[in-house]
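As provided, upload18.pdb (PDB, C-alpha atoms and all ligand atoms) reads as follows.
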ATOM      1  CA  MET V   1      31.560-156.790  37.959
ATOM      2  CA  GLU V   2      32.363-153.868  40.196
ATOM      3  CA  ILE V   3      30.801-151.511  37.675
ATOM      4  CA  LEU V   4      27.520-153.471  37.815
ATOM      5  CA  GLN V   5      27.550-153.213  41.603
ATOM      6  CA  THR V   6      28.146-149.440  41.336
ATOM      7  CA  ILE V   7      25.252-149.049  38.891
ATOM      8  CA  TYR V   8      23.056-151.168  41.174
ATOM      9  CA  ASN V   9      24.020-149.017  44.203
ATOM     10  CA  GLU V  10      23.315-145.803  42.268
ATOM     11  CA  LEU V  11      19.884-147.072  41.190
ATOM     12  CA  VAL V  12      19.016-148.133  44.736
ATOM     13  CA  ALA V  13      20.126-144.699  45.999
ATOM     14  CA  PHE V  14      18.241-142.800  43.265
ATOM     15  CA  PHE V  15      15.017-144.683  43.882
ATOM     16  CA  SER V  16      15.596-144.558  47.687
ATOM     17  CA  ILE V  17      14.557-148.201  47.819
ATOM     18  CA  GLY V  18      17.301-149.537  50.136
ATOM     19  CA  GLN V  19      14.850-149.792  52.999
ATOM     20  CA  VAL V  20      12.104-151.381  50.877
ATOM     21  CA  ILE V  21      14.550-154.025  49.590
ATOM     22  CA  THR V  22      15.686-154.839  53.139
ATOM     23  CA  MET V  23      12.043-155.134  54.186
ATOM     24  CA  PHE V  24      11.267-157.597  51.364
ATOM     25  CA  LYS V  25      14.462-159.580  51.953
ATOM     26  CA  THR V  26      13.926-160.019  55.673
ATOM     27  CA  GLY V  27      10.138-160.293  55.430
ATOM     28  CA  ASP V  28      10.004-158.021  58.450
ATOM     29  CA  TYR V  29       7.161-155.631  57.722
ATOM     30  CA  SER V  30       6.904-154.470  61.312
ATOM     31  CA  VAL V  31       9.122-151.504  60.386
ATOM     32  CA  LEU V  32       5.969-150.058  58.796
ATOM     33  CA  ASN V  33       4.750-149.417  62.326
ATOM     34  CA  THR V  34       7.530-146.900  62.788
ATOM     35  CA  LEU V  35       7.765-143.401  61.362
ATOM     36  CA  ASP V  36      11.115-144.231  59.734
ATOM     37  CA  GLY V  37       9.594-147.300  58.096
ATOM     38  CA  VAL V  38       6.705-145.356  56.585
ATOM     39  CA  LEU V  39       9.013-142.581  55.365
ATOM     40  CA  GLY V  40      11.243-145.235  53.766
ATOM     41  CA  VAL V  41       8.288-146.457  51.734
ATOM     42  CA  ILE V  42       7.172-142.956  50.705
ATOM     43  CA  SER V  43      10.653-141.866  49.555
ATOM     44  CA  PRO V  44      10.671-143.924  46.313
ATOM     45  CA  LEU V  45       7.432-142.282  45.112
ATOM     46  CA  ILE V  46       8.989-139.278  43.338
ATOM     47  CA  PRO V  47      11.616-141.266  41.370
ATOM     48  CA  LEU V  48       8.842-143.730  40.508
ATOM     49  CA  LEU V  49       6.557-140.929  39.322
ATOM     50  CA  LEU V  50       9.452-139.591  37.251
ATOM     51  CA  VAL V  51       9.706-142.957  35.515
ATOM     52  CA  ILE V  52       5.931-142.988  34.912
ATOM     53  CA  GLU V  53       6.128-139.436  33.552
ATOM     54  CA  LEU V  54       8.979-140.418  31.239
ATOM     55  CA  THR V  55       7.143-143.545  30.073
ATOM     56  CA  ARG V  56       3.971-141.591  29.363
ATOM     57  CA  ALA V  57       5.953-139.005  27.445
ATOM     58  CA  LEU V  58       7.529-141.803  25.404
ATOM     59  CA  LEU V  59       4.203-143.581  24.815
ATOM     60  CA  PHE V  60       2.427-140.426  23.716
ATOM     61  CA  LYS V  61       5.440-139.464  21.618
ATOM     62  CA  LYS V  62       5.856-136.248  23.596
ATOM     63  CA  PHE V  63       9.273-137.244  24.862
ATOM     64  CA  LYS V  64      12.012-134.775  24.043
ATOM     65  CA  ARG V  65      15.527-135.669  25.132
ATOM     66  CA  SER V  66      16.269-131.989  25.657
ATOM     67  CA  HIS V  67      13.575-131.799  28.359
ATOM     68  CA  TYR V  68      15.536-134.182  30.571
ATOM     69  CA  ARG V  69      19.161-134.202  29.434
ATOM     70  CA  ILE V  70      20.643-131.333  31.461
ATOM     71  CA  GLN V  71      18.762-132.198  34.665
ATOM     72  CA  PHE V  72      20.111-135.742  34.406
ATOM     73  CA  PHE V  73      23.632-134.445  33.863
ATOM     74  CA  ILE V  74      23.325-132.113  36.857
ATOM     75  CA  TYR V  75      22.036-134.969  39.025
ATOM     76  CA  VAL V  76      25.118-137.014  38.168
ATOM     77  CA  PHE V  77      27.447-134.020  38.593
ATOM     78  CA  ASN V  78      26.002-133.078  42.003
ATOM     79  CA  ASN V  79      26.226-136.682  43.097
ATOM     80  CA  VAL V  80      29.901-136.866  42.240
ATOM     81  CA  VAL V  81      30.845-133.420  43.601
ATOM     82  CA  GLY V  82      28.577-133.844  46.629
ATOM     83  CA  ARG V  83      30.682-136.784  47.756
ATOM     84  CA  PHE V  84      33.650-134.498  48.317
ATOM     85  CA  ILE V  85      31.722-131.858  50.189
ATOM     86  CA  SER V  86      30.389-132.548  53.593
ATOM     87  CA  ILE V  87      26.931-131.110  53.834
ATOM     88  CA  GLY V  88      26.807-130.967  57.577
ATOM     89  CA  VAL V  89      25.126-127.567  57.603
ATOM     90  CA  VAL V  90      21.915-128.771  59.250
ATOM     91  CA  GLY V  91      23.719-130.682  62.005
ATOM     92  CA  PHE V  92      26.069-127.781  62.580
ATOM     93  CA  ILE V  93      23.304-125.171  62.860
ATOM     94  CA  VAL V  94      21.202-127.354  65.146
ATOM     95  CA  GLY V  95      24.200-127.825  67.443
ATOM     96  CA  VAL V  96      25.179-124.173  67.510
ATOM     97  CA  LEU V  97      21.785-122.442  67.640
ATOM     98  CA  GLN V  98      19.586-124.750  69.697
ATOM     99  CA  PRO V  99      20.725-123.283  73.046
ATOM    100  CA  TYR V 100      19.415-119.922  71.795
ATOM    101  CA  ALA V 101      15.954-121.174  70.789
ATOM    102  CA  LEU V 102      13.166-118.879  72.015
ATOM    103  CA  PHE V 103      11.394-121.915  73.524
ATOM    104  CA  ASN V 104      11.181-125.636  72.937
ATOM    105  CA  SER V 105       8.426-127.379  71.027
ATOM    106  CA  SER V 106       7.687-131.097  71.022
ATOM    107  CA  PHE V 107       6.440-133.630  68.481
ATOM    108  CA  THR V 108       2.650-133.074  68.693
ATOM    109  CA  TRP V 109       0.062-132.178  66.039
ATOM    110  CA  TYR V 110      -0.330-128.585  67.156
ATOM    111  CA  TRP V 111       3.436-128.031  67.202
ATOM    112  CA  LEU V 112       3.532-129.621  63.759
ATOM    113  CA  ILE V 113       1.183-126.904  62.489
ATOM    114  CA  TYR V 114       3.272-124.218  64.195
ATOM    115  CA  GLY V 115       6.484-125.790  62.876
ATOM    116  CA  TYR V 116       5.148-125.949  59.336
ATOM    117  CA  ILE V 117       4.099-122.295  59.331
ATOM    118  CA  VAL V 118       7.562-121.304  60.614
ATOM    119  CA  TRP V 119       9.228-123.624  58.077
ATOM    120  CA  GLU V 120       7.260-122.048  55.225
ATOM    121  CA  LEU V 121       8.324-118.606  56.448
ATOM    122  CA  ALA V 122      11.961-119.749  56.518
ATOM    123  CA  HIS V 123      11.561-121.285  53.054
ATOM    124  CA  PHE V 124       9.989-118.054  51.806
ATOM    125  CA  VAL V 125      12.957-116.029  53.143
ATOM    126  CA  TYR V 126      15.540-118.314  51.501
ATOM    127  CA  HIS V 127      13.643-118.536  48.207
ATOM    128  CA  PHE V 128      12.802-114.815  48.064
ATOM    129  CA  LEU V 129      16.473-113.908  48.624
ATOM    130  CA  GLY V 130      17.390-116.475  45.969
ATOM    131  CA  HIS V 131      15.420-114.373  43.481
ATOM    132  CA  LYS V 132      16.129-110.866  44.796
ATOM    133  CA  VAL V 133      19.840-110.907  45.665
ATOM    134  CA  ARG V 134      21.977-111.295  42.559
ATOM    135  CA  LEU V 135      24.661-113.436  44.227
ATOM    136  CA  PHE V 136      22.052-115.854  45.590
ATOM    137  CA  TRP V 137      20.308-115.865  42.199
ATOM    138  CA  CYS V 138      23.563-117.251  40.789
ATOM    139  CA  LEU V 139      23.030-120.259  43.080
ATOM    140  CA  HIS V 140      19.288-120.574  42.423
ATOM    141  CA  SER V 141      19.134-119.877  38.678
ATOM    142  CA  THR V 142      20.258-123.410  37.741
ATOM    143  CA  HIS V 143      16.880-124.588  39.006
ATOM    144  CA  HIS V 144      15.081-122.111  36.756
ATOM    145  CA  ALA V 145      17.027-122.821  33.571
ATOM    146  CA  PRO V 146      14.979-125.824  32.258
ATOM    147  CA  GLU V 147      12.581-124.783  29.489
ATOM    148  CA  ALA V 148      10.087-127.593  30.075
ATOM    149  CA  MET V 149       8.485-128.768  33.285
ATOM    150  CA  ASN V 150       8.824-132.330  34.526
ATOM    151  CA  LEU V 151       9.899-134.149  37.686
ATOM    152  CA  SER V 152      13.546-134.192  36.650
ATOM    153  CA  VAL V 153      13.628-130.405  37.268
ATOM    154  CA  THR V 154      13.525-131.330  40.977
ATOM    155  CA  TYR V 155      17.122-132.492  40.604
ATOM    156  CA  ALA V 156      18.391-129.404  38.791
ATOM    157  CA  HIS V 157      20.175-127.405  41.480
ATOM    158  CA  PHE V 158      23.561-125.776  41.857
ATOM    159  CA  PHE V 159      25.426-127.964  44.348
ATOM    160  CA  LEU V 160      25.893-125.145  46.885
ATOM    161  CA  GLU V 161      22.226-124.152  46.893
ATOM    162  CA  GLY V 162      21.229-126.909  49.327
ATOM    163  CA  PRO V 163      23.691-125.856  52.053
ATOM    164  CA  TYR V 164      22.760-122.179  51.528
ATOM    165  CA  ALA V 165      19.028-122.943  51.744
ATOM    166  CA  ASP V 166      19.454-125.100  54.828
ATOM    167  CA  LEU V 167      21.631-122.524  56.540
ATOM    168  CA  ILE V 168      18.778-120.001  56.374
ATOM    169  CA  ARG V 169      15.868-122.394  56.873
ATOM    170  CA  THR V 170      17.381-124.374  59.749
ATOM    171  CA  SER V 171      18.590-121.232  61.557
ATOM    172  CA  ILE V 172      15.146-119.590  61.473
ATOM    173  CA  CYS V 173      13.307-122.768  62.495
ATOM    174  CA  ILE V 174      15.665-123.644  65.351
ATOM    175  CA  LEU V 175      15.674-120.088  66.730
ATOM    176  CA  LEU V 176      11.865-119.972  66.562
ATOM    177  CA  GLY V 177      11.642-123.104  68.668
ATOM    178  CA  VAL V 178      10.992-125.883  66.125
ATOM    179  CA  ASN V 179      12.671-128.880  67.752
ATOM    180  CA  PRO V 180      15.007-131.027  65.584
ATOM    181  CA  PRO V 181      12.872-134.218  65.238
ATOM    182  CA  LEU V 182       9.889-132.078  64.237
ATOM    183  CA  LEU V 183      12.103-130.102  61.838
ATOM    184  CA  PHE V 184      13.410-133.283  60.168
ATOM    185  CA  PHE V 185       9.849-134.593  59.772
ATOM    186  CA  ILE V 186       8.767-131.290  58.191
ATOM    187  CA  MET V 187      11.840-131.378  55.915
ATOM    188  CA  PHE V 188      10.791-134.808  54.726
ATOM    189  CA  ILE V 189       7.218-133.735  53.849
ATOM    190  CA  ASP V 190       8.629-130.583  52.256
ATOM    191  CA  GLY V 191      11.095-132.617  50.192
ATOM    192  CA  PHE V 192       8.325-134.877  48.950
ATOM    193  CA  TRP V 193       5.869-132.084  48.121
ATOM    194  CA  GLY V 194       8.639-129.851  46.779
ATOM    195  CA  ALA V 195       9.470-132.595  44.282
ATOM    196  CA  PHE V 196       5.845-133.426  43.434
ATOM    197  CA  ILE V 197       4.965-129.839  42.450
ATOM    198  CA  HIS V 198       7.395-130.257  39.526
ATOM    199  CA  ALA V 199       5.058-132.827  37.927
ATOM    200  CA  GLY V 200       4.869-131.742  34.303
ATOM    201  CA  GLU V 201       1.969-131.562  31.867
ATOM    202  CA  ASN V 202       2.747-135.113  30.682
ATOM    203  CA  LEU V 203       1.924-136.490  34.123
ATOM    204  CA  ILE V 204      -0.774-134.070  35.284
ATOM    205  CA  LYS V 205      -2.241-131.950  32.535
ATOM    206  CA  ASP V 206      -4.188-129.559  34.712
ATOM    207  CA  GLY V 207      -1.904-128.916  37.663
ATOM    208  CA  ARG V 208      -4.533-126.984  39.607
ATOM    209  CA  LEU V 209      -5.705-130.165  41.393
ATOM    210  CA  GLY V 210      -9.337-129.038  41.773
ATOM    211  CA  PHE V 211     -10.337-127.816  45.214
ATOM    212  CA  LEU V 212      -6.836-128.533  46.546
ATOM    213  CA  GLN V 213      -5.621-125.338  44.889
ATOM    214  CA  LYS V 214      -7.588-123.442  47.527
ATOM    215  CA  LEU V 215      -5.765-125.180  50.361
ATOM    216  CA  VAL V 216      -2.213-125.873  49.238
ATOM    217  CA  LEU V 217       0.373-124.877  46.671
ATOM    218  CA  THR V 218      -0.179-127.059  43.593
ATOM    219  CA  PRO V 219       1.964-127.985  40.548
ATOM    220  CA  SER V 220       0.054-125.230  38.717
ATOM    221  CA  HIS V 221       1.247-122.597  41.228
ATOM    222  CA  HIS V 222       4.817-123.830  40.910
ATOM    223  CA  ARG V 223       4.605-123.864  37.098
ATOM    224  CA  VAL V 224       3.783-120.171  37.411
ATOM    225  CA  HIS V 225       6.871-119.730  39.610
ATOM    226  CA  HIS V 226       9.054-121.313  36.916
ATOM    227  CA  ALA V 227       7.603-119.164  34.147
ATOM    228  CA  ARG V 228       9.282-116.128  32.618
ATOM    229  CA  ASN V 229       6.052-114.475  31.441
ATOM    230  CA  PRO V 230       6.062-110.916  32.843
ATOM    231  CA  LEU V 231       2.908-111.595  34.870
ATOM    232  CA  TYR V 232       4.402-114.680  36.504
ATOM    233  CA  MET V 233       7.946-113.486  37.264
ATOM    234  CA  ASP V 234       9.006-113.711  40.923
ATOM    235  CA  THR V 235       5.720-115.023  42.319
ATOM    236  CA  ASN V 236       4.710-118.094  44.371
ATOM    237  CA  PHE V 237       7.803-118.586  46.529
ATOM    238  CA  CYS V 238       6.164-120.977  49.009
ATOM    239  CA  ASN V 239       6.267-124.748  48.859
ATOM    240  CA  LEU V 240       3.231-126.463  50.378
ATOM    241  CA  LEU V 241       1.230-123.799  52.205
ATOM    242  CA  ASN V 242       1.123-120.542  50.312
ATOM    243  CA  ILE V 243       0.175-118.395  53.291
ATOM    244  CA  TRP V 244       3.316-116.254  53.136
ATOM    245  CA  ASP V 245       2.859-115.541  49.420
ATOM    246  CA  LYS V 246      -0.567-114.218  50.337
ATOM    247  CA  VAL V 247       0.781-112.212  53.281
ATOM    248  CA  PHE V 248       3.640-110.692  51.259
ATOM    249  CA  LYS V 249       1.509-110.248  48.104
ATOM    250  CA  THR V 250       3.572-112.511  45.850
ATOM    251  CA  PHE V 251       0.726-114.958  45.210
ATOM    252  CA  GLN V 252      -0.198-115.442  41.527
ATOM    253  CA  PRO V 253      -2.598-118.140  40.233
ATOM    254  CA  GLU V 254      -2.145-119.575  36.732
ATOM    255  CA  HIS V 255      -4.102-117.497  34.245
ATOM    256  CA  HIS V 256      -6.136-119.637  31.818
ATOM    257  CA  ALA V 257      -5.193-117.537  28.806
ATOM    258  CA  ILE V 258      -1.482-117.317  29.683
ATOM    259  CA  PRO V 259       0.333-120.660  29.485
ATOM    260  CA  PRO V 260       3.638-120.627  31.391
ATOM    261  CA  GLU V 261       6.790-120.218  29.313
ATOM    262  CA  TYR V 262       9.486-121.924  31.335
ATOM    263  CA  GLY V 263      13.029-120.701  31.768
ATOM    264  CA  ILE V 264      14.900-117.522  32.652
ATOM    265  CA  THR V 265      14.900-114.207  30.832
ATOM    266  CA  ARG V 266      18.654-114.019  30.121
ATOM    267  CA  THR V 267      19.586-115.164  26.621
ATOM    268  CA  MET V 268      21.155-118.528  27.301
ATOM    269  CA  ASN V 269      21.604-122.040  26.025
ATOM    270  CA  ALA V 270      19.461-124.219  28.292
ATOM    271  CA  GLN V 271      21.113-127.285  26.753
ATOM    272  CA  ASN V 272      24.619-126.262  27.735
ATOM    273  CA  PHE V 273      25.617-127.534  31.173
ATOM    274  CA  TRP V 274      28.200-124.763  31.713
ATOM    275  CA  ASP V 275      25.716-122.059  30.832
ATOM    276  CA  VAL V 276      23.020-123.560  33.053
ATOM    277  CA  TYR V 277      25.431-124.055  35.932
ATOM    278  CA  PHE V 278      27.790-121.071  35.785
ATOM    279  CA  GLY V 279      26.192-118.676  33.268
ATOM    280  CA  GLU V 280      24.786-116.346  35.935
ATOM    281  CA  PHE V 281      28.163-116.119  37.681
ATOM    282  CA  ALA V 282      29.757-115.148  34.365
ATOM    283  CA  ALA V 283      27.064-112.522  33.690
ATOM    284  CA  LEU V 284      27.495-111.101  37.211
ATOM    285  CA  ALA V 285      31.286-110.959  36.829
ATOM    286  CA  LYS V 286      30.858-109.146  33.513
ATOM    287  CA  ASP V 287      28.479-106.552  35.006
ATOM    288  CA  MET V 288      30.793-105.983  37.972
ATOM    289  CA  TYR V 289      33.797-105.591  35.701
ATOM    290  CA  LYS V 290      32.029-102.984  33.578
ATOM    291  CA  ALA V 291      30.554-100.985  36.493
ATOM    292  CA  PRO V 292      32.410 -97.823  37.515
ATOM    293  CA  GLY V 293      33.656 -97.566  41.109
ATOM    294  CA  ILE V 294      33.812-100.107  43.912
ATOM    295  CA  THR V 295      30.353 -99.176  45.303
ATOM    296  CA  ASN V 296      28.629 -99.932  42.007
ATOM    297  CA  LYS V 297      30.572-103.157  41.660
ATOM    298  CA  LEU V 298      29.544-104.320  45.138
ATOM    299  CA  LEU V 299      25.938-103.237  44.601
ATOM    300  CA  TYR V 300      25.690-105.746  41.746
ATOM    301  CA  LEU V 301      26.278-108.520  44.281
ATOM    302  CA  VAL V 302      23.343-107.601  46.505
ATOM    303  CA  MET V 303      20.830-105.857  44.232
ATOM    304  CA  PRO V 304      18.136-107.903  42.421
ATOM    305  CA  PRO V 305      18.934-109.501  39.038
ATOM    306  CA  GLY V 306      18.225-106.896  36.330
ATOM    307  CA  TRP V 307      19.391-103.961  38.480
ATOM    308  CA  SER V 308      21.731-101.643  36.617
ATOM    309  CA  HIS V 309      24.094 -98.907  37.830
ATOM    310  CA  THR V 310      22.855 -96.823  34.896
ATOM    311  CA  GLY V 311      19.369 -96.678  36.406
ATOM    312  CA  ASN V 312      17.921 -98.631  33.487
ATOM    313  CA  HIS V 313      16.587-101.461  35.632
ATOM    314  CA  LYS V 314      15.095-104.637  34.151
ATOM    315  CA  THR V 315      14.255-106.334  37.444
ATOM    316  CA  ALA V 316      11.289-108.697  37.695
ATOM    317  CA  SER V 317       9.333-106.118  39.732
ATOM    318  CA  VAL V 318       9.882-103.440  37.052
ATOM    319  CA  VAL V 319       8.969-105.774  34.166
ATOM    320  CA  ARG V 320       5.889-107.074  35.977
ATOM    321  CA  ALA V 321       4.701-103.595  36.989
ATOM    322  CA  GLU V 322       5.095-102.333  33.398
ATOM    323  CA  TYR V 323       3.139-105.335  32.116
ATOM    324  CA  LEU V 324       0.312-104.825  34.608
ATOM    325  CA  GLN V 325       0.138-101.145  33.735
ATOM    326  CA  GLN V 326      -0.225-101.931  30.036
ATOM    327  CA  GLN V 327      -2.813-104.637  30.434
ATOM    328  CA  PRO V 328      -4.578-104.576  33.785
ATOM    329  CA  LEU V 329      -5.959-108.033  34.442
ATOM    330  CA  GLN V 330      -9.630-108.758  34.785
TER     331      GLN V 330
HETATM  332 ZN    ZN V 401      12.706-120.059  42.464
HETATM  333 ZN    ZN V 402      10.992-125.531  41.252
END

Please go through the file and, once you have read it, give me the structure as structure tokens.
Amino acid sequence: MEILQTIYNELVAFFSIGQVITMFKTGDYSVLNTLDGVLGVISPLIPLLLVIELTRALLFKKFKRSHYRIQFFIYVFNNVVGRFISIGVVGFIVGVLQPYALFNSSFTWYWLIYGYIVWELAHFVYHFLGHKVRLFWCLHSTHHAPEAMNLSVTYAHFFLEGPYADLIRTSICILLGVNPPLLFFIMFIDGFWGAFIHAGENLIKDGRLGFLQKLVLTPSHHRVHHARNPLYMDTNFCNLLNIWDKVFKTFQPEHHAIPPEYGITRTMNAQNFWDVYFGEFAALAKDMYKAPGITNKLLYLVMPPGWSHTGNHKTASVVRAEYLQQQPLQ
């Protein structure tokens, strides 16, 4: 019966419904008056939406096992490996860097706005580096491997990407005065929205979300980010507010005539766990091995994916610029 208990525990953890179950069992709904209580009720929404998305795909006969298989496998793998790795990065950074914060904010609405703008900047920095520094791309590329969009893509991440992302994001936020409770609240909203923008066409056909696309980053914007079409490569790095994409000129709306083609440009097998998880490391090792001289070898680590010591670069910026030159958009 132990196996049943394990499965039950895994399901409760996946759906984040521990708190909801406790609430029903004890009949004590007063927890809903607290921030923690409300967050506990919001947490199950993404897994629930994923189930709805899956069910709809099944009902409308659009379900393809290959659209979910690898993400599911990665979720299980990260869960198992994650148990052996303490991800105390956030706690560690808060402890070490807080004494050096420029100033101290508090939990008020205006600091929330400030905190969110700083958080988005920190997220932009982490995400931009994840696309522009080859070594970091090795960590981030797992998330870009899926060739269809759906909520399960939220769970497709290399297990070290979380600690790397939080190292950068937490450091910037703490140093720029975002206080820890505010930061954790922002992280929660970010986690929820960051998952929601992976809603696929089976759940929300037109991901633009009407007038909302003018205010926030929508599933449509994030579909563009996951696309390998030359026009869409390396755009829309933000998560909820796309101010920094607009400031740094990486903002790209979905073009009606250009449906996103999901995945990465390297020839790969998106159905092979090892290729999805370690393929970029292997490709990097191969390039470094072939490059002449130690300088060239080291440059491969820090230059953008597609950079070549021969000068024949195939980086996203080069490919996109060539595309725009050939067919300037209306
Ligand atoms: Zn990305
Ligand atoms: Zn994504």

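Distances here use all atoms listed in the file; by that measure, the residue among V:Ala282, V:Leu301, V:Val216, V:Cys138 closest to ligand ZN 401 (chain V) is V:Cys138.
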
Taking only C-alpha atoms and all ligand atoms into account, produce a table as JSON lines in which each residue of chain V with an atom at most 12 Å from an atom of ligand ZN 401 (chain V) appears once, together with its shortest atom pair and the distance in Å to one decimal, ordered by chain and rising number.
{"residue": "V:His123", "atom": "CA", "partner": "V:ZN401", "partner_atom": "ZN", "distance": 10.7}
{"residue": "V:Phe124", "atom": "CA", "partner": "V:ZN401", "partner_atom": "ZN", "distance": 9.9}
{"residue": "V:Val125", "atom": "CA", "partner": "V:ZN401", "partner_atom": "ZN", "distance": 11.4}
{"residue": "V:Tyr126", "atom": "CA", "partner": "V:ZN401", "partner_atom": "ZN", "distance": 9.6}
{"residue": "V:His127", "atom": "CA", "partner": "V:ZN401", "partner_atom": "ZN", "distance": 6.0}
{"residue": "V:Phe128", "atom": "CA", "partner": "V:ZN401", "partner_atom": "ZN", "distance": 7.7}
{"residue": "V:Leu129", "atom": "CA", "partner": "V:ZN401", "partner_atom": "ZN", "distance": 9.5}
{"residue": "V:Gly130", "atom": "CA", "partner": "V:ZN401", "partner_atom": "ZN", "distance": 6.9}
{"residue": "V:His131", "atom": "CA", "partner": "V:ZN401", "partner_atom": "ZN", "distance": 6.4}
{"residue": "V:Lys132", "atom": "CA", "partner": "V:ZN401", "partner_atom": "ZN", "distance": 10.1}
{"residue": "V:Phe136", "atom": "CA", "partner": "V:ZN401", "partner_atom": "ZN", "distance": 10.7}
{"residue": "V:Trp137", "atom": "CA", "partner": "V:ZN401", "partner_atom": "ZN", "distance": 8.7}
{"residue": "V:Cys138", "atom": "CA", "partner": "V:ZN401", "partner_atom": "ZN", "distance": 11.3}
{"residue": "V:Leu139", "atom": "CA", "partner": "V:ZN401", "partner_atom": "ZN", "distance": 10.3}
{"residue": "V:His140", "atom": "CA", "partner": "V:ZN401", "partner_atom": "ZN", "distance": 6.6}
{"residue": "V:Ser141", "atom": "CA", "partner": "V:ZN401", "partner_atom": "ZN", "distance": 7.5}
{"residue": "V:Thr142", "atom": "CA", "partner": "V:ZN401", "partner_atom": "ZN", "distance": 9.5}
{"residue": "V:His143", "atom": "CA", "partner": "V:ZN401", "partner_atom": "ZN", "distance": 7.1}
{"residue": "V:His144", "atom": "CA", "partner": "V:ZN401", "partner_atom": "ZN", "distance": 6.5}
{"residue": "V:Ala145", "atom": "CA", "partner": "V:ZN401", "partner_atom": "ZN", "distance": 10.3}
{"residue": "V:Pro146", "atom": "CA", "partner": "V:ZN401", "partner_atom": "ZN", "distance": 11.9}
{"residue": "V:Val153", "atom": "CA", "partner": "V:ZN401", "partner_atom": "ZN", "distance": 11.6}
{"residue": "V:Thr154", "atom": "CA", "partner": "V:ZN401", "partner_atom": "ZN", "distance": 11.4}
{"residue": "V:Ala156", "atom": "CA", "partner": "V:ZN401", "partner_atom": "ZN", "distance": 11.5}
{"residue": "V:His157", "atom": "CA", "partner": "V:ZN401", "partner_atom": "ZN", "distance": 10.5}
{"residue": "V:Glu161", "atom": "CA", "partner": "V:ZN401", "partner_atom": "ZN", "distance": 11.3}
{"residue": "V:Ala165", "atom": "CA", "partner": "V:ZN401", "partner_atom": "ZN", "distance": 11.6}
{"residue": "V:Gly194", "atom": "CA", "partner": "V:ZN401", "partner_atom": "ZN", "distance": 11.4}
{"residue": "V:His198", "atom": "CA", "partner": "V:ZN401", "partner_atom": "ZN", "distance": 11.9}
{"residue": "V:His221", "atom": "CA", "partner": "V:ZN401", "partner_atom": "ZN", "distance": 11.8}
{"residue": "V:His222", "atom": "CA", "partner": "V:ZN401", "partner_atom": "ZN", "distance": 8.9}
{"residue": "V:Arg223", "atom": "CA", "partner": "V:ZN401", "partner_atom": "ZN", "distance": 10.4}
{"residue": "V:Val224", "atom": "CA", "partner": "V:ZN401", "partner_atom": "ZN", "distance": 10.3}
{"residue": "V:His225", "atom": "CA", "partner": "V:ZN401", "partner_atom": "ZN", "distance": 6.5}
{"residue": "V:His226", "atom": "CA", "partner": "V:ZN401", "partner_atom": "ZN", "distance": 6.8}
{"residue": "V:Ala227", "atom": "CA", "partner": "V:ZN401", "partner_atom": "ZN", "distance": 9.8}
{"residue": "V:Arg228", "atom": "CA", "partner": "V:ZN401", "partner_atom": "ZN", "distance": 11.1}
{"residue": "V:Tyr232", "atom": "CA", "partner": "V:ZN401", "partner_atom": "ZN", "distance": 11.6}
{"residue": "V:Met233", "atom": "CA", "partner": "V:ZN401", "partner_atom": "ZN", "distance": 9.6}
{"residue": "V:Asp234", "atom": "CA", "partner": "V:ZN401", "partner_atom": "ZN", "distance": 7.5}
{"residue": "V:Thr235", "atom": "CA", "partner": "V:ZN401", "partner_atom": "ZN", "distance": 8.6}
{"residue": "V:Asn236", "atom": "CA", "partner": "V:ZN401", "partner_atom": "ZN", "distance": 8.5}
{"residue": "V:Phe237", "atom": "CA", "partner": "V:ZN401", "partner_atom": "ZN", "distance": 6.5}
{"residue": "V:Cys238", "atom": "CA", "partner": "V:ZN401", "partner_atom": "ZN", "distance": 9.3}
{"residue": "V:Asn239", "atom": "CA", "partner": "V:ZN401", "partner_atom": "ZN", "distance": 10.2}
{"residue": "V:Tyr262", "atom": "CA", "partner": "V:ZN401", "partner_atom": "ZN", "distance": 11.7}
{"residue": "V:Gly263", "atom": "CA", "partner": "V:ZN401", "partner_atom": "ZN", "distance": 10.7}
{"residue": "V:Ile264", "atom": "CA", "partner": "V:ZN401", "partner_atom": "ZN", "distance": 10.4}

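The shortest atom-to-atom distance to ligand ZN 402 (chain V), with all atoms listed in the file taken into account, belongs to V:Met149 out of V:Val318, V:Leu299, V:Met149, V:Met187.
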
Looking at all atoms listed in the file, which of V:Asn269, V:Thr108, V:Ser152, V:Asn9 is the one that sits closest to ligand ZN 402 (chain V)?
V:Ser152

Kindly resolve the PyMOL selection byres (((chain V and resi 63-72) around 12) and not hetatm) on the present coordinates and return the residues as number ranges by chain.
V: 14, 50-51, 53-62, 73-79, 142-158, 200-203, 262-263, 269-277

From the options V:Leu231, V:Val302, V:Ile174, V:Val94, which residue's atoms come nearest to V:Gln327, counting all atoms listed in the file?
V:Leu231

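With distances taken over all atoms listed in the file, V:Trp193 is the one residue among V:Trp111, V:Tyr116, V:Phe92, V:Trp193 lying closest to ligand ZN 402 (chain V).
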
Since I can't run it myself right now, could you work out what the PyMOL selection byres (((chain V and resi 46) around 8) and not hetatm) selects here and report it as a CSV table (one decimal) with C-alpha atoms, in the coordinates of the input?
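Written file, result_28.csv:
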chain,number,residue,atom,x,y,z
V,43,SER,CA,10.7,-141.9,49.6
V,44,PRO,CA,10.7,-143.9,46.3
V,45,LEU,CA,7.4,-142.3,45.1
V,47,PRO,CA,11.6,-141.3,41.4
V,48,LEU,CA,8.8,-143.7,40.5
V,49,LEU,CA,6.6,-140.9,39.3
V,50,LEU,CA,9.5,-139.6,37.3
V,151,LEU,CA,9.9,-134.1,37.7
V,192,PHE,CA,8.3,-134.9,49.0
V,195,ALA,CA,9.5,-132.6,44.3
V,196,PHE,CA,5.8,-133.4,43.4
